Structure formats: C-alpha cells, structure tokens
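**Student:** Below is upload.cif; it holds mmCIF, C-alpha atoms and all ligand atoms.
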data_query
#
loop_
_atom_site.label_atom_id
_atom_site.label_comp_id
_atom_site.auth_asym_id
_atom_site.auth_seq_id
_atom_site.Cartn_x
_atom_site.Cartn_y
_atom_site.Cartn_z
CA MET A 1070 -2.70 21.69 15.48
CA VAL A 1071 -1.01 19.52 12.89
CA PRO A 1072 1.25 21.62 10.64
CA THR A 1073 1.79 19.97 7.23
CA MET A 1074 2.95 20.76 3.74
CA GLY A 1075 0.01 18.86 2.26
CA ALA A 1076 0.22 15.88 -0.13
CA LEU A 1077 -1.30 14.13 2.84
CA HIS A 1078 -0.83 10.41 3.41
CA ALA A 1079 -1.73 7.99 6.20
CA GLY A 1080 1.18 9.30 8.26
CA HIS A 1081 -0.38 12.76 8.40
CA VAL A 1082 -3.78 11.28 9.21
CA SER A 1083 -2.16 9.44 12.14
CA LEU A 1084 -0.91 12.82 13.43
CA VAL A 1085 -4.48 14.12 13.34
CA THR A 1086 -5.66 10.99 15.17
CA GLU A 1087 -2.95 11.50 17.81
CA THR A 1088 -3.92 15.15 18.22
CA LYS A 1089 -7.54 14.18 18.80
CA LYS A 1090 -6.46 12.30 21.92
CA HIS A 1091 -5.42 15.64 23.39
CA ALA A 1092 -7.78 18.18 21.90
CA GLU A 1093 -11.41 18.55 21.01
CA HIS A 1094 -10.79 20.40 17.74
CA VAL A 1095 -7.89 19.96 15.35
CA VAL A 1096 -6.51 22.59 13.00
CA VAL A 1097 -4.50 21.23 10.09
CA SER A 1098 -2.33 23.67 8.20
CA ILE A 1099 -1.36 22.96 4.61
CA PHE A 1100 1.43 25.18 3.38
CA VAL A 1101 4.41 24.38 1.18
CA ASN A 1102 6.79 26.69 2.95
CA PRO A 1103 9.22 28.34 0.54
CA ALA A 1104 11.53 29.38 3.39
CA GLN A 1105 12.61 25.82 4.09
CA PHE A 1106 13.74 25.04 0.54
CA ALA A 1107 17.07 26.14 -0.94
CA PRO A 1108 16.83 27.59 -4.47
CA HIS A 1109 18.10 24.33 -6.03
CA GLU A 1110 15.68 22.14 -4.05
CA ASP A 1111 12.25 20.72 -4.93
CA PHE A 1112 9.94 23.61 -3.94
CA ASP A 1113 8.36 23.83 -7.42
CA ALA A 1114 8.09 20.07 -7.85
CA TYR A 1115 6.72 19.46 -4.35
CA PRO A 1116 3.28 17.83 -4.75
CA ARG A 1117 0.29 20.12 -4.21
CA THR A 1118 -2.95 18.17 -3.87
CA LEU A 1119 -5.29 20.39 -1.88
CA ASP A 1120 -8.56 18.81 -3.06
CA ALA A 1121 -7.36 15.29 -2.32
CA ASP A 1122 -5.95 16.49 1.02
CA LEU A 1123 -9.32 17.94 2.05
CA ALA A 1124 -11.05 14.71 1.03
CA LYS A 1125 -8.55 12.66 3.05
CA LEU A 1126 -9.12 14.77 6.15
CA GLY A 1127 -12.90 14.55 5.83
CA ASP A 1128 -14.31 15.98 9.02
CA ALA A 1129 -11.27 14.96 11.11
CA ALA A 1130 -10.03 18.54 11.02
CA ALA A 1131 -12.28 21.29 12.37
CA ILE A 1132 -10.30 23.87 10.44
CA VAL A 1133 -7.93 23.55 7.50
CA PHE A 1134 -5.66 26.56 7.17
CA ALA A 1135 -4.15 26.72 3.68
CA PRO A 1136 -2.62 30.17 3.30
CA THR A 1137 -0.85 31.53 0.25
CA ALA A 1138 2.85 32.37 0.41
CA ARG A 1139 1.97 36.09 0.41
CA GLU A 1140 -0.38 35.62 3.34
CA MET A 1141 2.39 33.95 5.34
CA TYR A 1142 5.24 36.18 4.20
CA ARG A 1143 4.68 39.86 3.42
CA HIS A 1144 6.85 41.12 0.58
CA ASP A 1145 9.18 42.70 3.14
CA HIS A 1146 9.33 39.77 5.56
CA ALA A 1147 12.69 39.91 7.33
CA THR A 1148 12.52 37.64 10.40
CA THR A 1149 13.96 34.16 10.73
CA VAL A 1150 13.70 31.94 13.79
CA THR A 1151 16.98 30.08 14.10
CA VAL A 1152 17.69 27.44 16.70
CA ALA A 1153 21.42 27.97 16.92
CA GLY A 1154 23.02 24.77 18.14
CA GLY A 1155 21.48 22.20 20.47
CA PRO A 1156 19.45 19.73 18.41
CA ALA A 1157 19.91 21.88 15.29
CA ALA A 1158 23.66 21.19 15.19
CA GLY A 1159 24.83 18.96 12.33
CA LEU A 1160 22.82 16.32 10.43
CA GLU A 1161 20.25 18.18 8.26
CA THR A 1162 21.97 21.50 9.00
CA ASP A 1163 25.17 20.24 7.35
CA PHE A 1164 23.38 19.29 4.13
CA ARG A 1165 20.29 21.54 4.01
CA PRO A 1166 21.32 24.73 5.80
CA HIS A 1167 17.99 26.42 4.89
CA PHE A 1168 15.75 23.72 6.18
CA LEU A 1169 15.55 23.91 9.96
CA ALA A 1170 15.48 27.72 10.21
CA GLY A 1171 12.84 27.86 7.47
CA ALA A 1172 10.74 25.21 9.18
CA ALA A 1173 11.23 26.78 12.64
CA THR A 1174 10.17 30.18 11.32
CA VAL A 1175 6.96 28.94 9.72
CA VAL A 1176 6.12 26.72 12.71
CA VAL A 1177 6.37 29.70 15.06
CA LYS A 1178 4.20 31.77 12.71
CA LEU A 1179 1.62 28.97 12.44
CA LEU A 1180 1.56 28.39 16.20
CA ILE A 1181 1.08 32.09 16.85
CA ALA A 1182 -1.69 32.25 14.23
CA ALA A 1183 -3.61 29.24 15.59
CA SER A 1184 -2.66 29.41 19.30
CA PRO A 1185 -3.25 25.67 19.73
CA ASP A 1186 -3.00 23.92 23.10
CA VAL A 1187 -0.99 21.11 21.52
CA ALA A 1188 0.81 20.64 18.23
CA VAL A 1189 1.84 17.24 16.96
CA PHE A 1190 4.88 16.55 14.75
CA GLY A 1191 5.98 13.26 13.22
CA GLU A 1192 9.09 11.41 14.33
CA LYS A 1193 9.90 10.96 10.64
CA ASP A 1194 11.57 14.40 10.73
CA TYR A 1195 13.20 13.65 14.04
CA GLN A 1196 15.63 16.57 14.07
CA GLN A 1197 12.82 18.97 13.13
CA LEU A 1198 10.74 17.57 16.01
CA LEU A 1199 13.53 18.22 18.54
CA VAL A 1200 14.20 21.66 17.09
CA VAL A 1201 10.52 22.57 17.46
CA LYS A 1202 10.52 21.28 21.05
CA GLN A 1203 13.63 23.36 21.75
CA LEU A 1204 12.22 26.57 20.32
CA ALA A 1205 8.90 26.06 22.13
CA ARG A 1206 10.84 25.75 25.41
CA ASP A 1207 13.23 28.61 24.65
CA LEU A 1208 10.47 31.01 23.59
CA ALA A 1209 8.09 29.76 26.31
CA LEU A 1210 5.40 29.18 23.70
CA PRO A 1211 2.08 28.25 25.31
CA THR A 1212 1.71 25.22 23.01
CA GLN A 1213 2.66 21.72 24.13
CA ILE A 1214 4.71 19.97 21.45
CA LEU A 1215 3.95 16.26 21.06
CA SER A 1216 5.13 13.63 18.64
CA ALA A 1217 3.80 10.56 16.89
CA PRO A 1218 5.71 7.58 15.46
CA THR A 1219 6.60 7.23 11.79
CA LEU A 1220 4.10 5.30 9.70
CA ARG A 1221 5.61 2.83 7.25
CA GLU A 1222 4.63 1.02 4.08
CA ALA A 1223 4.40 -2.78 4.32
CA ASP A 1224 8.07 -3.14 3.31
CA GLY A 1225 9.26 -0.67 5.93
CA LEU A 1226 9.66 2.47 3.81
CA ALA A 1227 8.78 5.50 5.92
CA MET A 1228 5.73 7.26 4.49
CA SER A 1229 6.68 10.57 2.92
CA SER A 1230 5.09 12.94 0.43
CA ARG A 1231 8.38 12.75 -1.48
CA ASN A 1232 8.03 8.99 -2.10
CA ILE A 1233 5.96 9.79 -5.19
CA TYR A 1234 9.14 11.05 -6.86
CA LEU A 1235 10.56 7.50 -6.87
CA SER A 1236 10.59 5.41 -10.05
CA ALA A 1237 9.50 1.77 -9.67
CA LYS A 1238 13.14 0.70 -9.56
CA GLU A 1239 14.06 3.35 -6.98
CA ARG A 1240 10.99 2.49 -4.93
CA ALA A 1241 12.22 -1.10 -4.60
CA VAL A 1242 15.64 0.10 -3.38
CA ALA A 1243 14.11 2.72 -1.07
CA ALA A 1244 12.80 0.06 1.33
CA GLN A 1245 16.39 -0.95 2.03
CA LEU A 1246 16.99 2.29 3.93
CA ASN A 1247 14.92 1.02 6.82
CA VAL A 1248 16.39 -2.50 6.62
CA ILE A 1249 19.97 -1.19 6.67
CA LEU A 1250 19.24 1.21 9.52
CA LYS A 1251 17.88 -1.69 11.55
CA GLU A 1252 21.06 -3.70 10.85
CA ALA A 1253 23.25 -0.73 11.78
CA ALA A 1254 21.22 -0.21 14.97
CA ALA A 1255 21.83 -3.85 15.91
CA LEU A 1256 25.57 -3.54 15.21
CA ALA A 1257 25.72 -0.35 17.31
CA ALA A 1258 25.20 -2.40 20.47
CA THR A 1259 28.74 -3.77 20.08
CA ASP A 1260 30.40 -1.28 17.74
CA LEU A 1261 28.96 2.24 17.62
CA ARG A 1262 31.46 3.82 15.22
CA GLY A 1263 31.52 0.65 13.09
CA ALA A 1264 27.74 0.90 12.69
CA GLU A 1265 27.99 4.54 11.50
CA ALA A 1266 30.61 3.48 8.94
CA ALA A 1267 28.84 0.30 7.81
CA GLY A 1268 25.51 2.08 7.17
CA PRO A 1269 26.68 4.24 4.22
CA GLN A 1270 28.61 1.34 2.69
CA ALA A 1271 25.54 -0.90 2.81
CA LEU A 1272 23.31 1.85 1.37
CA LYS A 1273 25.67 2.36 -1.55
CA ARG A 1274 25.86 -1.39 -2.15
CA VAL A 1275 22.08 -1.62 -2.62
CA GLY A 1276 21.92 1.36 -4.98
CA PHE A 1277 21.78 4.67 -3.05
CA GLU A 1278 24.00 7.00 -5.10
CA ARG A 1279 24.86 9.38 -2.28
CA VAL A 1280 24.63 9.13 1.49
CA ASP A 1281 24.51 12.42 3.37
CA TYR A 1282 24.83 10.79 6.78
CA VAL A 1283 24.21 7.78 8.95
CA ALA A 1284 24.65 8.98 12.52
CA ILE A 1285 23.94 7.71 15.99
CA ARG A 1286 23.03 10.45 18.42
CA ASP A 1287 21.55 11.00 21.88
CA SER A 1288 17.82 10.71 21.31
CA GLU A 1289 16.93 13.71 23.48
CA THR A 1290 19.63 16.19 22.51
CA LEU A 1291 20.97 14.78 19.23
CA ALA A 1292 24.47 15.27 20.67
CA PRO A 1293 27.10 12.83 19.36
CA ILE A 1294 27.61 9.96 21.77
CA MET A 1295 30.48 7.60 22.64
CA SER A 1296 28.39 4.78 24.10
CA LEU A 1297 24.81 3.56 24.31
CA GLU A 1298 24.34 4.32 28.00
CA ARG A 1299 21.46 6.69 27.28
CA PRO A 1300 18.61 6.27 24.78
CA ALA A 1301 19.99 6.77 21.29
CA ARG A 1302 18.64 7.30 17.81
CA ILE A 1303 20.08 6.32 14.47
CA LEU A 1304 19.34 8.85 11.72
CA ALA A 1305 20.09 8.77 8.01
CA ALA A 1306 19.67 10.75 4.81
CA ALA A 1307 20.49 9.30 1.41
CA TRP A 1308 19.77 9.95 -2.25
CA LEU A 1309 18.10 7.80 -4.89
CA GLY A 1310 18.32 9.67 -8.17
CA LYS A 1311 16.84 13.13 -7.51
CA THR A 1312 15.03 12.04 -4.36
CA ARG A 1313 16.47 12.55 -0.89
CA LEU A 1314 15.08 10.13 1.67
CA ILE A 1315 15.41 10.40 5.43
CA ASP A 1316 14.63 7.90 8.15
CA ASN A 1317 15.46 7.28 11.79
CA MET A 1318 14.69 4.90 14.61
CA ALA A 1319 15.31 4.36 18.29
CA ILE A 1320 18.24 2.11 19.18
O1 LIG B 1 7.30 18.55 8.47
C1 LIG B 1 6.75 19.31 7.64
O2 LIG B 1 5.90 18.92 6.86
C2 LIG B 1 7.18 20.77 7.60
O3 LIG B 1 8.54 20.91 7.78
C3 LIG B 1 6.38 21.66 8.56
C4 LIG B 1 6.58 21.28 10.02
C5 LIG B 1 4.89 21.61 8.21
C6 LIG B 1 6.84 23.13 8.41
O4 LIG B 1 6.66 23.59 7.10
#
As structure tokens - that is how I would like this structure written.

**Tutor:**
Amino acid sequence: MVPTMGALHAGHVSLVTETKKHAEHVVVSIFVNPAQFAPHEDFDAYPRTLDADLAKLGDAAAIVFAPTAREMYRHDHATTVTVAGGPAAGLETDFRPHFLAGAATVVVKLLIAASPDVAVFGEKDYQQLLVVKQLARDLALPTQILSAPTLREADGLAMSSRNIYLSAKERAVAAQLNVILKEAAALAATDLRGAEAAGPQALKRVGFERVDYVAIRDSETLAPIMSLERPARILAAAWLGKTRLIDNMAI
C-alpha cells in the first residue's frame, strides 16, 4: 500500500514503483485527511486532483482507494492514535501539534482497511516515517513499513504537493532550502551546534520569512545528539509566504 493525500507527483509514483518490488498488487489511497490539519492550516486549499491522479497512476495501482471524509470518520469518531514521545517528540510536534497524531490515526485506519503486506512511506516526511514505524512496532501491526528516498526537482527542491502554492519568486528561493541543508550538514562534521544555528540564519538571508527548525537528530530515533558517532539526519521546516516547506537528509 502507498497511502497518499493525492495531488500525485513523480515522488508518489516512485513510492508505487518501490512497493512493486515487494508486492504483486499495489493499493494507493488518496485521502486529504482532515485530522492532520489544524483549523488555521491549508486543508481547504490543499490540491485535489483525482482525475489527474488516476491518469498518473495508470495501471500501476491495482486498487485506488479514495474514500470521503465521512467514510473514514463517522460523525461520532472519537479515537486518536498518538505516538507519545519517541520519534514524535519535538520537531513537527512543536509547530504542528495536530499533524502526527492525525496522520498516525489515518494510517492505522488505512492499514487496517487494506491489510497490506507492506506499506511504503517517503523519506520526505522523515518524522512521519519514523512515527509510522514506531506505531507499527508498538501495535504489532502485520504490515511491514518501508521507505523510499525523496525525489527532487533538478535544482534540488524536494517534490511536494504543496510546491504548487509557491509564486515564481518563492519557487526560486525554495531551492535554497536543500542547498543550505547540505551546507549545514557539512558544517556539522566539525561543529554540530554551530550548524543548527547557521541553518536558520542562512535561510533567512536568502528570503525564508520564518524558520520553524533546523535540527540534527539521531536518524533512527530522532533523539537530540551531542556528536556524530551514530548515523544522523538534518531536518528543517521553514516558511516562504504562506507555504511551509520541509526537507531533510542524511548526514
Ligand atoms: O504523507 C502523507 O501524504 C500523509 O501524511 C499520509 C501518510 C497519506 C496520511 O494522511
């Protein structure tokens, strides 16, 4: 299974391709999940392009599951799956407290509905990926959770359905997120804390109005780290106008 919120791009298609290495039939779900948006966020504006999505998938997906909100959430729905701590601590949780519990809840519902052998999530939402792995372990779900690398535009911008919000001017600046993360990752080898401080400064210099975080964490647990003895990940979230972009990479 490949759970998505639609507005499919080549990154999603690469998740389907990855899934096909492990499974004969692929189910793609397309559902803009209200539970993972706060009231002030972009739920209404989020692109909905079902016809184009179906065309993009062609016959790559054996089943496309595109439920309505009412089909996923009865009017009296009252259950939330919350990963409390572990990889859910900090980062997105500090700035979008709805997001990970909303995503975890719908992922569990989708996995129960489809009962897939494997489900593939993109590294683009790295914290979400680790949270899904954690809940699958904790709840002993019978689905193996796998990941696939972030696909990027030619200038390095991570593919995202939200990139369509960017004006031409913002789009030019957006590519700097990846460039600056690479520079910070290089600096981290000699100065970990300095790299976390330099990242936001550099992002603001090139035109990001607000930086939620640039953080270097253990790549398996997302715990804060003091040195680069174990594999690490640099993760960032920053705003260009009304658009919040996230990116991350291995160090
Ligand atoms: O990554 C996404 O697109 C969503 O958060 C997911 C996993 C489909 C849950 O709504």

**Student:** With a cut-off of 10 Å, could you pull out the residues of segment 1106-1174 of chain A touching segment 1279-1301 of chain A and give me the nearest pair of atoms for each, distance in Å to one decimal, using all atoms listed in the file, ordered by chain and ascending number, as CSV?

**Tutor:**
residue,atom,partner,partner_atom,distance
A:Gly1154,CA,A:Ala1292,CA,9.9
A:Gly1155,CA,A:Thr1290,CA,6.6
A:Pro1156,CA,A:Leu1291,CA,5.2
A:Ala1157,CA,A:Leu1291,CA,8.2
A:Ala1158,CA,A:Leu1291,CA,8.0
A:Gly1159,CA,A:Leu1291,CA,8.9
A:Leu1160,CA,A:Tyr1282,CA,6.9
A:Glu1161,CA,A:Asp1281,CA,8.7
A:Asp1163,CA,A:Asp1281,CA,8.8
A:Phe1164,CA,A:Asp1281,CA,7.0

**Student:** Neighbours of segment 1100-1113 of chain A within 9 Å (all atoms listed in the file; same-chain residues fewer than 4 positions away dropped), as a PDB file with C-alpha atoms, in the frame of the given file?

**Tutor:**
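Saved result, result32.pdb, follows:
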ATOM      1  CA  PRO A1072       1.250  21.620  10.640  1.00  0.00           C
ATOM      2  CA  THR A1073       1.790  19.970   7.230  1.00  0.00           C
ATOM      3  CA  MET A1074       2.950  20.760   3.740  1.00  0.00           C
ATOM      4  CA  GLY A1075       0.010  18.860   2.260  1.00  0.00           C
ATOM      5  CA  ARG A1117       0.290  20.120  -4.210  1.00  0.00           C
ATOM      6  CA  PHE A1134      -5.660  26.560   7.170  1.00  0.00           C
ATOM      7  CA  ALA A1135      -4.150  26.720   3.680  1.00  0.00           C
ATOM      8  CA  PRO A1136      -2.620  30.170   3.300  1.00  0.00           C
ATOM      9  CA  THR A1137      -0.850  31.530   0.250  1.00  0.00           C
ATOM     10  CA  ALA A1138       2.850  32.370   0.410  1.00  0.00           C
ATOM     11  CA  MET A1141       2.390  33.950   5.340  1.00  0.00           C
ATOM     12  CA  ARG A1165      20.290  21.540   4.010  1.00  0.00           C
ATOM     13  CA  PRO A1166      21.320  24.730   5.800  1.00  0.00           C
ATOM     14  CA  HIS A1167      17.990  26.420   4.890  1.00  0.00           C
ATOM     15  CA  PHE A1168      15.750  23.720   6.180  1.00  0.00           C
ATOM     16  CA  LEU A1169      15.550  23.910   9.960  1.00  0.00           C
ATOM     17  CA  ALA A1170      15.480  27.720  10.210  1.00  0.00           C
ATOM     18  CA  GLY A1171      12.840  27.860   7.470  1.00  0.00           C
ATOM     19  CA  ALA A1172      10.740  25.210   9.180  1.00  0.00           C
ATOM     20  CA  ALA A1173      11.230  26.780  12.640  1.00  0.00           C
ATOM     21  CA  THR A1174      10.170  30.180  11.320  1.00  0.00           C
ATOM     22  CA  VAL A1175       6.960  28.940   9.720  1.00  0.00           C
TER      23      VAL A1175
END

**Student:** Set the distance at 12 Å and use all atoms listed in the file: which residues neighbour Val1248 of chain A once local chain neighbours fewer than 4 positions away are removed? I'd like the list as a ChimeraX atom specification.

**Tutor:** /A:1224-1227,1242-1244,1252-1255,1268,1271-1272,1275,1305,1316-1318

**Student:** From the set A:Thr1212, A:Thr1151, A:Thr1219, A:Ser1098, which residue has the shortest atom-to-atom contact distance to ligand LIG 1 (chain B), counting all atoms listed in the file?

**Tutor:**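 Closest to ligand LIG 1 (chain B) of all the choices is A:Ser1098.
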
**Student:** Would you compute the distance between atom CA of Ala1153 of chain A and atom O1 of ligand LIG 1 (chain B)? Give it in Å to one decimal.

**Tutor:**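 Separation between atom CA of Ala1153 of chain A and atom O1 of ligand LIG 1 (chain B): 19.0 Å.
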
**Student:** Kindly give the distance, in Å, that separates atom CA of Ile1214 of chain A and atom CA of Ile1181 of chain A, rounded to a single decimal.

**Tutor:**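 These atoms are spaced 13.5 Å apart.
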
**Student:** I'd like the contact shell of Leu1309 of chain A - 10 Å cut-off, only C-alpha atoms, skipping same-chain residues fewer than 2 positions apart - returned as a PyMOL selection string.

**Tutor:** chain A and resi 1234-1236+1238-1240+1242-1243+1273+1276-1280+1307+1311-1314

**Student:** Could you please determine the separation between atom CA of Glu1222 of chain A and atom CA of Leu1126 of chain A in Å, to one decimal place?

**Tutor:**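 According to the coordinates, atom CA of Glu1222 of chain A and atom CA of Leu1126 of chain A are separated by 19.6 Å.
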
**Student:** Using all atoms listed in the file for the distances, tell me which of A:Met1228, A:Ala1121, A:Ile1303, A:Glu1087 is nearest to Glu1265 of chain A.

**Tutor:** A:Ile1303

**Student:** When you count all atoms listed in the file, which of these residues is closest to ligand LIG 1 (chain B): A:Ala1257, A:Val1189, A:Ile1249, A:Ala1319?

**Tutor:**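 Ranked by minimum distance to ligand LIG 1 (chain B), first place goes to A:Val1189.
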
**Student:** Would you please work out which residue, of A:Val1096, A:Val1187, A:Leu1198, A:Ala1129, is nearest to ligand LIG 1 (chain B) when using only C-alpha atoms and all ligand atoms?

**Tutor:**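 Selected residue with least distance to ligand LIG 1 (chain B): A:Leu1198.
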
**Student:** Got a sec: who's within 12 Å of Lys1089 of chain A, counting only C-alpha atoms, leaving out chain neighbours fewer than 6 positions off, as an MDAnalysis selection string?

**Tutor:** chainID A and resid 1070:1071 1082:1083 1095:1097 1129:1131 1186:1189 1215
